[in-house]
Amino acid sequence: MTASDLNTWATRAFLTFLIGAASPLISSGVWSQSSNYPSRPITVIVPFAAGGPADIYARVVSKGLQENLGVPVVVDNRGGATGLIGSRFVKGAAPDGYTLLFASNSAHIMAPLLYKPASFDPVADFTPIGIAVRYPMYLVTSPKLPVATFKEFIALARSQPGKLNYASNGTGGGAHLGCELMNIAAGVTAVHVPYKGVAPAQMSVITGETDYMCDSVGHSQPMVATKRLKGLALTGAARSGAVPEVPTMSEEGVNVQAYIWLGLLGPKGLPVGIRDKLSTVMASVMNSADMKRRMLNDGYDISAETPEQFSTAMNAEKKVWEKVIVEKEIKVE
């Protein structure tokens, strides 16, 4: 072995030693970061204004995280651009578990599909932690519409293509795309009428200004109970315990299954230990007896999906909503 070979060998050996010595330190650092988490306040970004379902449940989840993790958990509302502003903020945050996103699929999956180029990939650019709750969309109609069942509604809509109209709380949101998904599956053509909020959209159906909308059970059932609206069908895979008398659309021959969900995500690169700790704590909070009672009253389901299942479900869902947007040529003005 020449002197040059000896020097090369010695250099490689020394570098190998350094890498080997550093590996336990790196692993120890990652483990320490996860095991000591959290050590300071956590901020949960909600990409909507205060008062809506996402904000309400973000505060419920944040309170549970705070009680279980032992640090303050603060909700920060950053609404705008159909939820994109809040999501972009979290996308750019450090992946240390101290800035999280509590979003809905209407903001996190549907909204990015409406803008080209997309601001972010809802799965690849984030770390999915878990779905807190989900709920099927509830088809409600005006009391003035001469139908009493879902089948009668579909028959009427098919007999008058383009004559009926439906309300939503804005172009590209869950209420809009949910109804369009139903329209496609049922072979119905109707006119979309967007409003600036769920309340005015609902009122338009109550007064007969519009014919129907896709809403949540919690929001519309009180109006159904007082006969100000008619509740005809749900987009869930099974009936809801909150309205067991209301059939699913699939039961009635229209193959539609779709949900709005509210879930927790972190920035891309969140350590697995931190992700799993947050997922476990949130699942514990959502599965408490008090929470289950609240979910039943609101017509919501508690999701038991793992972070990996959450990722898989989002990727599959993204394809469904993208197909609706392309087929119906939906654009944000």
# chains A, B, ... in the order shown; residues from 1 in each chain; ligands from 1
call {"tool": "residues_around", "arguments": {"residues": "Asn165 of chain A", "least_positions_apart": "4", "cutoff": "10 Å", "atoms": "only C-alpha atoms", "output": "list in words"}}
result
Ala157, Thr189, Ala190, Val191, His192, Val193, Val205, Glu209, Thr210, Asp211, Tyr212 and Met213 of chain A
call {"tool": "select_by_dssp", "arguments": {"residues": "segment 114-324 of chain A", "states": "helix (DSSP H, G or I)", "output": "PyMOL selection string"}}
result
chain A and resi 114+150-159+174-186+198-207+217-225+272-286+289-298+307-324
call {"tool": "closest_atom_pairs", "arguments": {"of": "segment 141-231 of chain A", "to": "segment 101-123 of chain A", "cutoff": "12 Å", "atoms": "only C-alpha atoms", "output": "JSON lines"}}
result
{"residue": "A:Asn169", "atom": "CA", "partner": "A:Ser106", "partner_atom": "CA", "distance": 11.3}
{"residue": "A:Gly170", "atom": "CA", "partner": "A:Ser106", "partner_atom": "CA", "distance": 10.7}
{"residue": "A:Thr171", "atom": "CA", "partner": "A:Leu114", "partner_atom": "CA", "distance": 9.4}
{"residue": "A:Gly172", "atom": "CA", "partner": "A:Ala111", "partner_atom": "CA", "distance": 6.5}
{"residue": "A:Gly173", "atom": "CA", "partner": "A:Ser106", "partner_atom": "CA", "distance": 5.3}
{"residue": "A:Gly174", "atom": "CA", "partner": "A:Ser106", "partner_atom": "CA", "distance": 5.1}
{"residue": "A:Ala175", "atom": "CA", "partner": "A:Ser106", "partner_atom": "CA", "distance": 8.7}
{"residue": "A:His176", "atom": "CA", "partner": "A:Ser106", "partner_atom": "CA", "distance": 9.7}
{"residue": "A:Leu177", "atom": "CA", "partner": "A:Met110", "partner_atom": "CA", "distance": 8.4}
{"residue": "A:Gly178", "atom": "CA", "partner": "A:Ser106", "partner_atom": "CA", "distance": 9.9}
call {"tool": "atom_distance", "arguments": {"atom1": "atom CA of His219 of chain A", "atom2": "atom CA of Lys331 of chain A"}}
result
26.7 Å
call {"tool": "residues_around", "arguments": {"residues": "segment 87-100 of chain A", "least_positions_apart": "5", "cutoff": "6 Å", "atoms": "only C-alpha atoms", "output": "mmCIF file with N, CA and C atoms, in the first residue's frame"}}
result
data_model
loop_
_atom_site.group_PDB
_atom_site.id
_atom_site.type_symbol
_atom_site.label_atom_id
_atom_site.label_comp_id
_atom_site.auth_asym_id
_atom_site.auth_seq_id
_atom_site.Cartn_x
_atom_site.Cartn_y
_atom_site.Cartn_z
ATOM 1 N N ILE A 42 -48.664 26.023 21.630
ATOM 2 C CA ILE A 42 -48.954 25.570 20.269
ATOM 3 C C ILE A 42 -50.012 26.499 19.672
ATOM 4 N N THR A 43 -49.842 26.848 18.396
ATOM 5 C CA THR A 43 -50.833 27.663 17.692
ATOM 6 C C THR A 43 -51.544 26.806 16.659
ATOM 7 N N VAL A 44 -52.875 26.827 16.686
ATOM 8 C CA VAL A 44 -53.685 26.108 15.706
ATOM 9 C C VAL A 44 -54.314 27.140 14.774
ATOM 10 N N ILE A 45 -53.913 27.095 13.507
ATOM 11 C CA ILE A 45 -54.438 28.019 12.508
ATOM 12 C C ILE A 45 -55.753 27.482 11.950
ATOM 13 N N LEU A 265 -53.679 19.033 10.641
ATOM 14 C CA LEU A 265 -52.491 18.777 9.833
ATOM 15 C C LEU A 265 -51.338 19.630 10.334
ATOM 16 N N GLY A 266 -50.130 19.208 10.009
ATOM 17 C CA GLY A 266 -48.942 19.982 10.320
ATOM 18 C C GLY A 266 -48.176 20.271 9.050
ATOM 19 N N PRO A 267 -47.114 21.068 9.122
ATOM 20 C CA PRO A 267 -46.291 21.303 7.944
ATOM 21 C C PRO A 267 -45.594 20.018 7.489
ATOM 22 N N GLY A 269 -42.864 17.366 6.845
ATOM 23 C CA GLY A 269 -41.645 17.051 7.588
ATOM 24 C C GLY A 269 -41.824 16.992 9.087
ATOM 25 N N LEU A 270 -43.056 17.043 9.573
ATOM 26 C CA LEU A 270 -43.293 16.936 11.011
ATOM 27 C C LEU A 270 -42.790 15.574 11.491
#
call {"tool": "select_by_dssp", "arguments": {"residues": "segment 258-316 of chain A", "states": "strand (DSSP E or B)", "output": "PyMOL selection string"}}
result
chain A and resi 259-267+301-302
call {"tool": "write_last_selection", "arguments": {"atoms": "C-alpha atoms", "output": "JSON list (two decimals), in the first residue's frame"}}
result
[["chain", "number", "residue", "atom", "x", "y", "z"],
["A", 259, "TYR", "CA", -68.46, 13.86, 3.48],
["A", 260, "ILE", "CA", -67.22, 17.17, 4.78],
["A", 261, "TRP", "CA", -64.45, 16.65, 7.31],
["A", 262, "LEU", "CA", -62.59, 18.77, 9.79],
["A", 263, "GLY", "CA", -59.06, 17.64, 10.50],
["A", 264, "LEU", "CA", -55.65, 18.47, 11.92],
["A", 265, "LEU", "CA", -52.49, 18.78, 9.83],
["A", 266, "GLY", "CA", -48.94, 19.98, 10.32],
["A", 267, "PRO", "CA", -46.29, 21.30, 7.94],
["A", 301, "ASP", "CA", -69.33, 11.19, 12.95],
["A", 302, "ILE", "CA", -66.08, 10.74, 14.88]]
call {"tool": "atom_distance", "arguments": {"atom1": "atom CA of Asp215 of chain A", "atom2": "atom CA of Phe126 of chain A"}}
result
27.8 Å
